[in-house]
Amino acid sequence: MDGHPLNPLWIPHFTATSAIGRGLAQTLDALRGRRGGLAPCTFDTVDLPTFVGEVPDVDSVRLPAQLAAFDCRNNRLAFLGLAQDGFTDAVDRAARKYGRRRVGIFLGTSTSGIYQTELAYRRRDAADGSLPADFAYATTHNTFSLADFVRQSLDLEGPATVISSACSSSAKVFASARRMMAAGLIDAAVVGGVDSLCLTTLYGFNSLGLMSSQACRPFDAARDGISIGEAAAFALLERAPAHLDADAVLLLGVGESSDAYHMSSPHQDGLGARIAMESALAMAQLDAADIDYINLHGTATPSNDVAETKAVTAVFGTGTPCSSTKGATGHTLGAAGGLEAVICALALRHAVMPGGMNTSQLDPLLPLNYLLESREQPVRRALSNSFGFGGTNCSLIFGRAG
Amino acid sequence: MTHSPDHDTPPLAAYVEGIGLLGPGFSSWAQGRQCLDGSVPYEAARCVLPSPMSLPSAERRRAGAVVKVSLAVGQEAVEASGLAARDLPSVFSSSSGDAVNCHEICSALASGDRLISPTRFHNSVHNASSGYWSISSGAMASSSVLCARDAGFAAGLLEALTQCAVEGTPVLLVVYDTEYPQPLHAKRQIPDTMGIAMILAPRRSERSLARIGLDGTAFLTPAAADTMADPALEALRQAIPVARALPLLGAIAKREARSIALAYLDPLQFTVEVAPC
């Protein structure tokens, strides 16, 4: 289990692209100004009455010619994300410093390039049912396609994997990267997550009755489901040097657990979520009172927000300022852990606690200190929750160096 | 970090406390090891999947090949280890999720009504087998769920070895692949289902079968991956991604002490040291 103290890992570079912005500056502006990215769904031919957090102009992204086999919406979004905030250059500097085989890649996605397969199924041969010749399974549909694409884009040769555990995927990448660094197999890691809009998740969540017909309202008394979003988020991890600037961001703790309860419903008392948060605190050697802000999983389904509230109040009581940023970005599924890790890093660096969007009437049955307005206030340590189908839970704790 | 390497051993190592095996011509590790050590000829045959009796009846009826194979090999490995499944963190690695389920969803989405059943949707996640394992065993510890396409065994072994060494805990590793139905089969020609499970532990026990270690500074090498001498086993090694583990299982079965290059990510392979216990 995750009981061992963590030697803090430094996050020298990070970036995120979602419906609220390309890169950090736009993302921070949107969080401070409470500008959301959810809009009525016009994606593809989708005929559902729902809102989505679509990243503008993903379709116009062109991959380099030598990576053309990877062309699909998910890898276009990955490429767009990598190009922001000098992230590619930062990875290149780390690769030159440590060696290309000493930089690992750990990326989360739930659906990878499945949209490419959905499109190919519309073009099956009328006579024999075969898929079109131009459909490339390995480099688009396959779940590993994302890590393969990023590995080749960044010209890295270290260990690489996709972590795909639904909506905890890109939180759990921090855990796997941490272990491989602690074992001495790598000196740096590219972590993060990319998930993009597709019909599987839109019609799938609709079949479960978990989609809101408006922009999702986490922790609202009238919340009625999720809004799906898409995002690409990346972070570079290195061992923390002896001296860091005060506003350097560190990974302080990771907690992981399984619900052992149900495939698509959370444990009703949030037991697995509670274990994940407690494990993260234990690894960080922190008490609950040391956490200044919690970025909640907060999907806005009736049952998820209840279970998370029970778990959070069991560990933190009712006073810790918290919010879900899914009202702004939508639920970016396998990218949510990475995106919300970056939001926590922005909160730490820029002294802002993002207020939850779309929520007007807090559910009186959910006794949390849920922020409805953004606060300009120093944040020394932040915790981020990510939970997913299959009962998979991950909590991350980030902190400032000083 | 709790790992403290011995001076004369590779810095990262674990003991194999139990193995589960199911696949074409393999019904269990007890049977399969005799094919792999050469005492019985290997005969290719369709993989026979048992019903996952540890699941409640409703889930059992709906269980696809990914759940059947992963629960079967996981249980075999856990039983051999004498450890309690509910206490073990786990690593699941597969080149894809439930392929039949994926085909049904893509077919429905290309049709007029686009209706997907809720069960189909929640079974579409790559971590479905991990979720059902957790539900059936009561395990609330961490489960890492990986995809590295054809490098799934080596990637899963790396994740399990590091977790075992860094956290100082036994870990269940389950790696499996299943076949896609047409028309996806034409694009991804995995011919059958196969699964391999291992319990890796940080300390040797009376049940230890072998010790697996790797050199943390030189485990990625451009050396060619090891192959199988038996043509039928070599054909299997190349046909199903998880079967890239066969050279390692062969060395464990033959109680060999040697270095093995497992197929990993081009252009590099993944070298492990194996020794009998």
# chains A, B, ... in the order shown; residues from 1 in each chain; ligands from 1
$ interface_residues --of "chain A" --to "chain B" --cutoff "7 Å" --atoms "only C-alpha atoms" --output "ChimeraX atom specification"
/A:1-2,110,118,121-122,129-131,137,142-144,161-166,179-180,182-185,203-204,207-208,256-264,272,389-391
$ write_last_selection --atoms "C-alpha atoms" --output "tab-separated table (two decimals), in the first residue's frame"
chain	number	residue	atom	x	y	z
A	1	MET	CA	0.00	0.00	0.00
A	2	ASP	CA	1.00	3.62	-0.31
A	110	SER	CA	-10.02	6.00	-21.51
A	118	GLU	CA	-16.57	4.65	-34.93
A	121	TYR	CA	-17.70	1.46	-38.94
A	122	ARG	CA	-19.82	3.92	-40.94
A	129	GLY	CA	-18.53	-5.76	-44.07
A	130	SER	CA	-14.81	-5.03	-44.01
A	131	LEU	CA	-13.36	-1.80	-42.65
A	137	TYR	CA	-5.96	0.24	-35.89
A	142	ASN	CA	-5.46	1.03	-29.78
A	143	THR	CA	-5.31	2.37	-26.23
A	144	PHE	CA	-1.50	2.55	-26.36
A	161	THR	CA	2.78	2.87	-21.05
A	162	VAL	CA	-0.79	4.01	-21.12
A	163	ILE	CA	-2.68	3.73	-17.87
A	164	SER	CA	-6.35	3.15	-18.67
A	165	SER	CA	-8.55	2.88	-15.62
A	166	ALA	CA	-11.45	5.02	-16.81
A	179	ARG	CA	7.40	4.15	-8.35
A	180	MET	CA	9.61	3.85	-11.39
A	182	ALA	CA	11.90	5.54	-6.75
A	183	ALA	CA	13.15	2.24	-8.14
A	184	GLY	CA	15.88	4.12	-9.98
A	185	LEU	CA	14.85	3.03	-13.47
A	203	TYR	CA	-24.15	7.57	-26.02
A	204	GLY	CA	-22.71	5.30	-23.31
A	207	SER	CA	-27.53	4.88	-21.71
A	208	LEU	CA	-26.70	4.92	-18.00
A	256	GLU	CA	-4.73	4.61	-4.66
A	257	SER	CA	-7.51	2.17	-3.85
A	258	SER	CA	-10.26	0.00	-5.31
A	259	ASP	CA	-13.91	0.01	-4.21
A	260	ALA	CA	-14.49	-3.75	-4.64
A	261	TYR	CA	-18.15	-2.79	-4.89
A	262	HIS	CA	-19.73	-2.14	-8.32
A	263	MET	CA	-18.68	-1.50	-11.93
A	264	SER	CA	-20.46	1.82	-12.45
A	272	GLY	CA	-12.52	3.47	-1.43
A	389	PHE	CA	-15.76	2.99	-13.31
A	390	GLY	CA	-14.64	-0.33	-11.94
A	391	GLY	CA	-14.28	1.32	-8.53
$ select_by_dssp --residues "segment 193-346 of chain A" --states "strand (DSSP E or B)" --output "JSON, numbers by chain"
{"A": [193, 194, 195, 211, 220, 226, 228, 229, 231, 232, 233, 234, 235, 236, 237, 238, 239, 249, 250, 251, 252, 253, 254, 255, 256, 257, 258, 293, 294, 295, 321, 322, 323, 331]}
$ write_last_selection --atoms "N, CA and C atoms" --output "CSV table (one decimal), in the first residue's frame"
chain,number,residue,atom,x,y,z
A,193,GLY,N,-2.6,13.1,-19.4
A,193,GLY,CA,-3.7,12.4,-20.0
A,193,GLY,C,-4.3,13.1,-21.2
A,194,VAL,N,-4.9,12.4,-22.1
A,194,VAL,CA,-5.6,12.9,-23.2
A,194,VAL,C,-6.8,12.1,-23.5
A,195,ASP,N,-8.0,12.7,-23.5
A,195,ASP,CA,-9.2,12.0,-23.9
A,195,ASP,C,-10.0,13.0,-24.8
A,211,MET,N,-26.2,11.6,-18.0
A,211,MET,CA,-25.9,12.9,-18.7
A,211,MET,C,-26.9,14.0,-18.3
A,220,ASP,N,-24.9,20.8,-6.7
A,220,ASP,CA,-26.1,21.6,-6.7
A,220,ASP,C,-27.3,20.6,-6.2
A,226,ILE,N,-23.6,14.4,-15.7
A,226,ILE,CA,-22.3,15.0,-16.1
A,226,ILE,C,-22.5,15.7,-17.5
A,228,ILE,N,-19.8,15.9,-20.7
A,228,ILE,CA,-18.5,15.3,-21.1
A,228,ILE,C,-17.6,16.4,-21.8
A,229,GLY,N,-16.4,16.4,-21.4
A,229,GLY,CA,-15.4,17.3,-22.0
A,229,GLY,C,-14.2,16.5,-22.6
A,231,ALA,N,-9.7,17.0,-23.1
A,231,ALA,CA,-8.6,17.7,-22.7
A,231,ALA,C,-7.3,17.0,-23.0
A,232,ALA,N,-6.2,17.8,-23.0
A,232,ALA,CA,-4.8,17.2,-23.0
A,232,ALA,C,-4.1,17.9,-21.9
A,233,ALA,N,-3.5,17.2,-21.0
A,233,ALA,CA,-2.7,17.7,-19.9
A,233,ALA,C,-1.5,17.0,-19.8
A,234,PHE,N,-0.4,17.7,-19.6
A,234,PHE,CA,1.0,17.1,-19.4
A,234,PHE,C,1.7,17.7,-18.3
A,235,ALA,N,2.6,16.9,-17.6
A,235,ALA,CA,3.5,17.4,-16.6
A,235,ALA,C,4.8,16.6,-16.7
A,236,LEU,N,5.9,17.3,-16.4
A,236,LEU,CA,7.2,16.7,-16.4
A,236,LEU,C,7.6,16.5,-14.9
A,237,LEU,N,8.0,15.3,-14.5
A,237,LEU,CA,8.4,15.0,-13.2
A,237,LEU,C,9.9,14.8,-13.1
A,238,GLU,N,10.5,15.4,-12.1
A,238,GLU,CA,12.0,15.1,-11.9
A,238,GLU,C,12.1,15.0,-10.4
A,239,ARG,N,13.3,14.5,-9.9
A,239,ARG,CA,13.6,14.5,-8.5
A,239,ARG,C,13.8,15.9,-8.1
A,249,VAL,N,6.4,23.8,-7.8
A,249,VAL,CA,5.3,22.9,-7.5
A,249,VAL,C,5.9,21.5,-7.3
A,250,LEU,N,5.4,20.8,-6.2
A,250,LEU,CA,5.9,19.5,-5.9
A,250,LEU,C,4.7,18.5,-5.8
A,251,LEU,N,5.0,17.2,-6.2
A,251,LEU,CA,4.1,16.2,-5.9
A,251,LEU,C,4.4,15.6,-4.5
A,252,LEU,N,3.5,15.7,-3.6
A,252,LEU,CA,3.9,15.3,-2.2
A,252,LEU,C,3.3,14.0,-1.8
A,253,GLY,N,2.2,13.6,-2.4
A,253,GLY,CA,1.6,12.3,-2.0
A,253,GLY,C,0.7,11.7,-3.0
A,254,VAL,N,0.6,10.4,-3.0
A,254,VAL,CA,-0.3,9.7,-3.9
A,254,VAL,C,-1.0,8.6,-3.1
A,255,GLY,N,-2.3,8.5,-3.3
A,255,GLY,CA,-3.1,7.4,-2.7
A,255,GLY,C,-4.0,6.7,-3.7
A,256,GLU,N,-3.9,5.4,-3.7
A,256,GLU,CA,-4.7,4.6,-4.7
A,256,GLU,C,-5.5,3.5,-3.9
A,257,SER,N,-6.7,3.2,-4.4
A,257,SER,CA,-7.5,2.2,-3.9
A,257,SER,C,-8.5,1.7,-4.9
A,258,SER,N,-9.2,0.6,-4.5
A,258,SER,CA,-10.3,0.0,-5.3
A,258,SER,C,-11.5,-0.1,-4.4
A,293,TYR,N,-6.9,23.4,-0.1
A,293,TYR,CA,-7.9,23.3,-1.1
A,293,TYR,C,-8.0,21.9,-1.7
A,294,ILE,N,-9.3,21.5,-1.9
A,294,ILE,CA,-9.5,20.2,-2.5
A,294,ILE,C,-10.2,20.4,-3.9
A,295,ASN,N,-9.5,19.9,-4.9
A,295,ASN,CA,-10.2,19.8,-6.2
A,295,ASN,C,-11.0,18.5,-6.3
A,321,PRO,N,-11.9,24.4,2.1
A,321,PRO,CA,-12.4,24.9,0.8
A,321,PRO,C,-12.2,23.9,-0.3
A,322,CYS,N,-13.3,23.7,-1.1
A,322,CYS,CA,-13.2,22.7,-2.2
A,322,CYS,C,-14.1,23.2,-3.3
A,323,SER,N,-13.8,22.6,-4.5
A,323,SER,CA,-14.7,22.8,-5.6
A,323,SER,C,-14.4,21.7,-6.7
A,331,HIS,N,-16.5,16.9,-17.8
A,331,HIS,CA,-15.7,15.7,-17.3
A,331,HIS,C,-14.9,15.2,-18.4
$ residues_around --residues "segment 145-153 of chain A" --least-positions-apart "2" --cutoff "8 Å" --atoms "only C-alpha atoms" --output "PyMOL selection string"
chain A and resi 67+70+74-75+78-79+105-107+109+112-113+138-143+155-157+160-162+194
$ closest_residue --among "A:Pro364, A:Gly21, A:Pro302, A:Pro56" --to "Arg217 of chain A" --atoms "only C-alpha atoms"
A:Pro302
$ closest_residue --among "B:Ile240, B:Ala84, B:Val40, B:Leu71" --to "Gly20 of chain B" --atoms "only C-alpha atoms"
B:Leu71
$ atom_distance --atom1 "atom CA of Thr200 of chain A" --atom2 "atom CA of Ala273 of chain A"
26.3 Å
$ atom_distance --atom1 "atom CA of Glu308 of chain A" --atom2 "atom CA of Thr320 of chain A"
13.8 Å
$ residues_around --residues "Val315 of chain A" --least-positions-apart "4" --cutoff "8 Å" --atoms "only C-alpha atoms" --output "list in words"
Arg274, Met277, Glu278, Ala288 and Ala311 of chain A
$ write_last_selection --atoms "N, CA and C atoms" --output "PDB file, in the first residue's frame"
ATOM      1  N   ARG A 274     -12.185   7.334   0.450  1.00  0.00           N
ATOM      2  CA  ARG A 274     -11.605   7.708   1.740  1.00  0.00           C
ATOM      3  C   ARG A 274     -10.216   7.086   1.917  1.00  0.00           C
ATOM      4  N   MET A 277      -7.640   9.026  -0.174  1.00  0.00           N
ATOM      5  CA  MET A 277      -7.243  10.314   0.414  1.00  0.00           C
ATOM      6  C   MET A 277      -6.351  10.106   1.637  1.00  0.00           C
ATOM      7  N   GLU A 278      -6.713   9.128   2.480  1.00  0.00           N
ATOM      8  CA  GLU A 278      -5.902   8.863   3.680  1.00  0.00           C
ATOM      9  C   GLU A 278      -4.510   8.358   3.314  1.00  0.00           C
ATOM     10  N   ALA A 288      -4.909  16.190   7.719  1.00  0.00           N
ATOM     11  CA  ALA A 288      -5.985  16.763   6.906  1.00  0.00           C
ATOM     12  C   ALA A 288      -5.972  18.288   6.978  1.00  0.00           C
ATOM     13  N   ALA A 311     -16.955  10.695   1.877  1.00  0.00           N
ATOM     14  CA  ALA A 311     -15.525  10.386   2.003  1.00  0.00           C
ATOM     15  C   ALA A 311     -14.737  11.611   2.454  1.00  0.00           C
TER      16      ALA A 311
END
$ closest_residue --among "B:Thr178, B:Thr271, B:Ser28, B:Ser81" --to "Val100 of chain B" --atoms "only C-alpha atoms"
B:Thr178
$ select_by_dssp --residues "segment 298-349 of chain A" --states "helix (DSSP H, G or I)" --output "MDAnalysis selection string"
chainID A and resid 302:316 326:329 333:349
$ residues_around --residues "Ala221 of chain A" --least-positions-apart "4" --cutoff "6 Å" --atoms "only C-alpha atoms" --output "list in words"
Gln361, Leu362 and Asp363 of chain A
$ atom_distance --atom1 "atom CA of Asp224 of chain A" --atom2 "atom CA of Leu372 of chain A"
18.0 Å
$ residues_around --residues "Thr227 of chain B" --least-positions-apart "4" --cutoff "8 Å" --atoms "only C-alpha atoms" --output "short mmCIF file (atom, residue, chain, number, x, y, z; two decimals) with N, CA and C atoms, in the first residue's frame"
data_model
loop_
_atom_site.label_atom_id
_atom_site.label_comp_id
_atom_site.auth_asym_id
_atom_site.auth_seq_id
_atom_site.Cartn_x
_atom_site.Cartn_y
_atom_site.Cartn_z
N GLU B 234 6.94 -21.00 -30.77
CA GLU B 234 7.42 -19.75 -31.35
C GLU B 234 6.31 -19.07 -32.17
N ARG B 237 4.19 -17.44 -29.65
CA ARG B 237 4.86 -16.25 -29.10
C ARG B 237 4.65 -15.04 -30.01
N PRO B 247 9.40 -17.11 -23.37
CA PRO B 247 10.80 -17.42 -23.01
C PRO B 247 11.05 -17.33 -21.51
#
$ residues_around --residues "segment 352-355 of chain A" --least-positions-apart "3" --cutoff "9 Å" --atoms "only C-alpha atoms" --output "JSON, numbers by chain"
{"A": [28, 31, 32, 34, 293, 295, 321, 322, 323, 324, 325, 343, 344, 346, 347, 348, 349, 370, 371, 372, 373, 374, 375, 376, 377, 378, 379]}
$ decode --residues "segment 57-160 of chain B" --atoms "C-alpha atoms" --output "short mmCIF file (atom, residue, chain, number, x, y, z; two decimals), in the first residue's frame"
data_model
loop_
_atom_site.label_atom_id
_atom_site.label_comp_id
_atom_site.auth_asym_id
_atom_site.auth_seq_id
_atom_site.Cartn_x
_atom_site.Cartn_y
_atom_site.Cartn_z
CA SER B 57 -24.59 -15.12 -11.28
CA ALA B 58 -25.78 -12.01 -13.16
CA GLU B 59 -22.22 -10.80 -13.72
CA ARG B 60 -21.07 -14.33 -14.54
CA ARG B 61 -23.61 -14.63 -17.35
CA ARG B 62 -22.49 -11.35 -18.89
CA ALA B 63 -18.75 -11.95 -18.45
CA GLY B 64 -16.79 -11.77 -21.69
CA ALA B 65 -13.50 -13.39 -22.55
CA VAL B 66 -11.40 -10.67 -20.87
CA VAL B 67 -13.09 -11.23 -17.54
CA LYS B 68 -13.05 -15.03 -17.83
CA VAL B 69 -9.39 -15.31 -18.73
CA SER B 70 -8.12 -12.72 -16.27
CA LEU B 71 -10.08 -14.08 -13.30
CA ALA B 72 -9.04 -17.66 -14.12
CA VAL B 73 -5.30 -17.02 -14.32
CA GLY B 74 -5.41 -14.59 -11.39
CA GLN B 75 -7.07 -17.17 -9.17
CA GLU B 76 -4.65 -19.90 -10.21
CA ALA B 77 -1.65 -17.72 -9.34
CA VAL B 78 -3.11 -16.55 -6.04
CA GLU B 79 -3.99 -20.11 -4.96
CA ALA B 80 -0.46 -21.29 -5.75
CA SER B 81 1.02 -18.45 -3.70
CA GLY B 82 -1.00 -19.20 -0.56
CA LEU B 83 -1.64 -15.45 -0.20
CA ALA B 84 -5.06 -13.86 0.26
CA ALA B 85 -6.40 -12.23 -2.91
CA ARG B 86 -8.11 -9.46 -0.96
CA ASP B 87 -4.77 -8.20 0.41
CA LEU B 88 -2.96 -7.95 -2.91
CA PRO B 89 -2.45 -4.84 -5.02
CA SER B 90 -2.69 -5.74 -8.68
CA VAL B 91 -1.41 -4.85 -12.13
CA PHE B 92 -3.55 -5.67 -15.18
CA SER B 93 -2.13 -5.28 -18.67
CA SER B 94 -3.79 -6.03 -21.99
CA SER B 95 -3.51 -4.92 -25.60
CA SER B 96 -7.22 -4.11 -25.63
CA GLY B 97 -10.43 -4.22 -23.66
CA ASP B 98 -13.33 -6.57 -24.43
CA ALA B 99 -13.11 -6.84 -28.22
CA VAL B 100 -16.56 -8.35 -28.80
CA ASN B 101 -18.09 -5.65 -26.66
CA CYS B 102 -16.19 -2.99 -28.63
CA HIS B 103 -17.46 -4.40 -31.92
CA GLU B 104 -21.04 -4.38 -30.67
CA ILE B 105 -20.79 -0.76 -29.52
CA CYS B 106 -19.20 0.45 -32.77
CA SER B 107 -21.85 -1.45 -34.77
CA ALA B 108 -24.66 0.13 -32.73
CA LEU B 109 -23.16 3.61 -33.11
CA ALA B 110 -22.98 3.17 -36.88
CA SER B 111 -26.65 2.09 -36.99
CA GLY B 112 -29.72 4.27 -37.01
CA ASP B 113 -30.72 4.17 -33.36
CA ARG B 114 -27.30 4.23 -31.66
CA LEU B 115 -28.68 2.38 -28.64
CA ILE B 116 -26.01 0.94 -26.34
CA SER B 117 -26.85 -1.14 -23.29
CA PRO B 118 -25.59 0.30 -20.01
CA THR B 119 -23.81 -2.98 -19.21
CA ARG B 120 -22.03 -2.92 -22.55
CA PHE B 121 -20.86 0.59 -21.84
CA HIS B 122 -19.45 -0.04 -18.38
CA ASN B 123 -17.85 -3.26 -19.62
CA SER B 124 -16.13 -1.25 -22.38
CA VAL B 125 -13.61 0.31 -20.00
CA HIS B 126 -10.08 -1.07 -20.25
CA ASN B 127 -10.14 -1.73 -16.49
CA ALA B 128 -13.26 -3.95 -16.56
CA SER B 129 -11.25 -7.07 -15.66
CA SER B 130 -9.56 -5.22 -12.79
CA GLY B 131 -12.95 -4.03 -11.55
CA TYR B 132 -14.48 -7.51 -11.63
CA TRP B 133 -11.37 -8.93 -9.95
CA SER B 134 -11.70 -6.37 -7.18
CA ILE B 135 -15.44 -7.05 -6.78
CA SER B 136 -15.02 -10.84 -6.76
CA SER B 137 -11.98 -10.94 -4.46
CA GLY B 138 -12.84 -8.03 -2.16
CA ALA B 139 -9.43 -6.49 -2.88
CA MET B 140 -9.47 -2.76 -2.05
CA ALA B 141 -5.77 -2.19 -2.68
CA SER B 142 -4.44 -0.31 -5.67
CA SER B 143 -4.87 -1.74 -9.16
CA SER B 144 -2.83 -0.37 -12.07
CA VAL B 145 -4.33 -1.03 -15.50
CA LEU B 146 -1.97 -0.75 -18.45
CA CYS B 147 -1.96 -0.91 -22.21
CA ALA B 148 1.29 -1.12 -24.13
CA ARG B 149 -0.15 -2.91 -27.19
CA ASP B 150 2.32 -5.69 -28.14
CA ALA B 151 4.62 -4.87 -25.20
CA GLY B 152 1.94 -5.58 -22.61
CA PHE B 153 3.73 -8.36 -20.76
CA ALA B 154 7.03 -6.51 -20.34
CA ALA B 155 5.23 -3.27 -19.41
CA GLY B 156 3.08 -5.08 -16.84
CA LEU B 157 6.09 -6.91 -15.40
CA LEU B 158 7.95 -3.62 -15.06
CA GLU B 159 5.01 -2.00 -13.24
CA ALA B 160 4.59 -5.02 -10.94
#
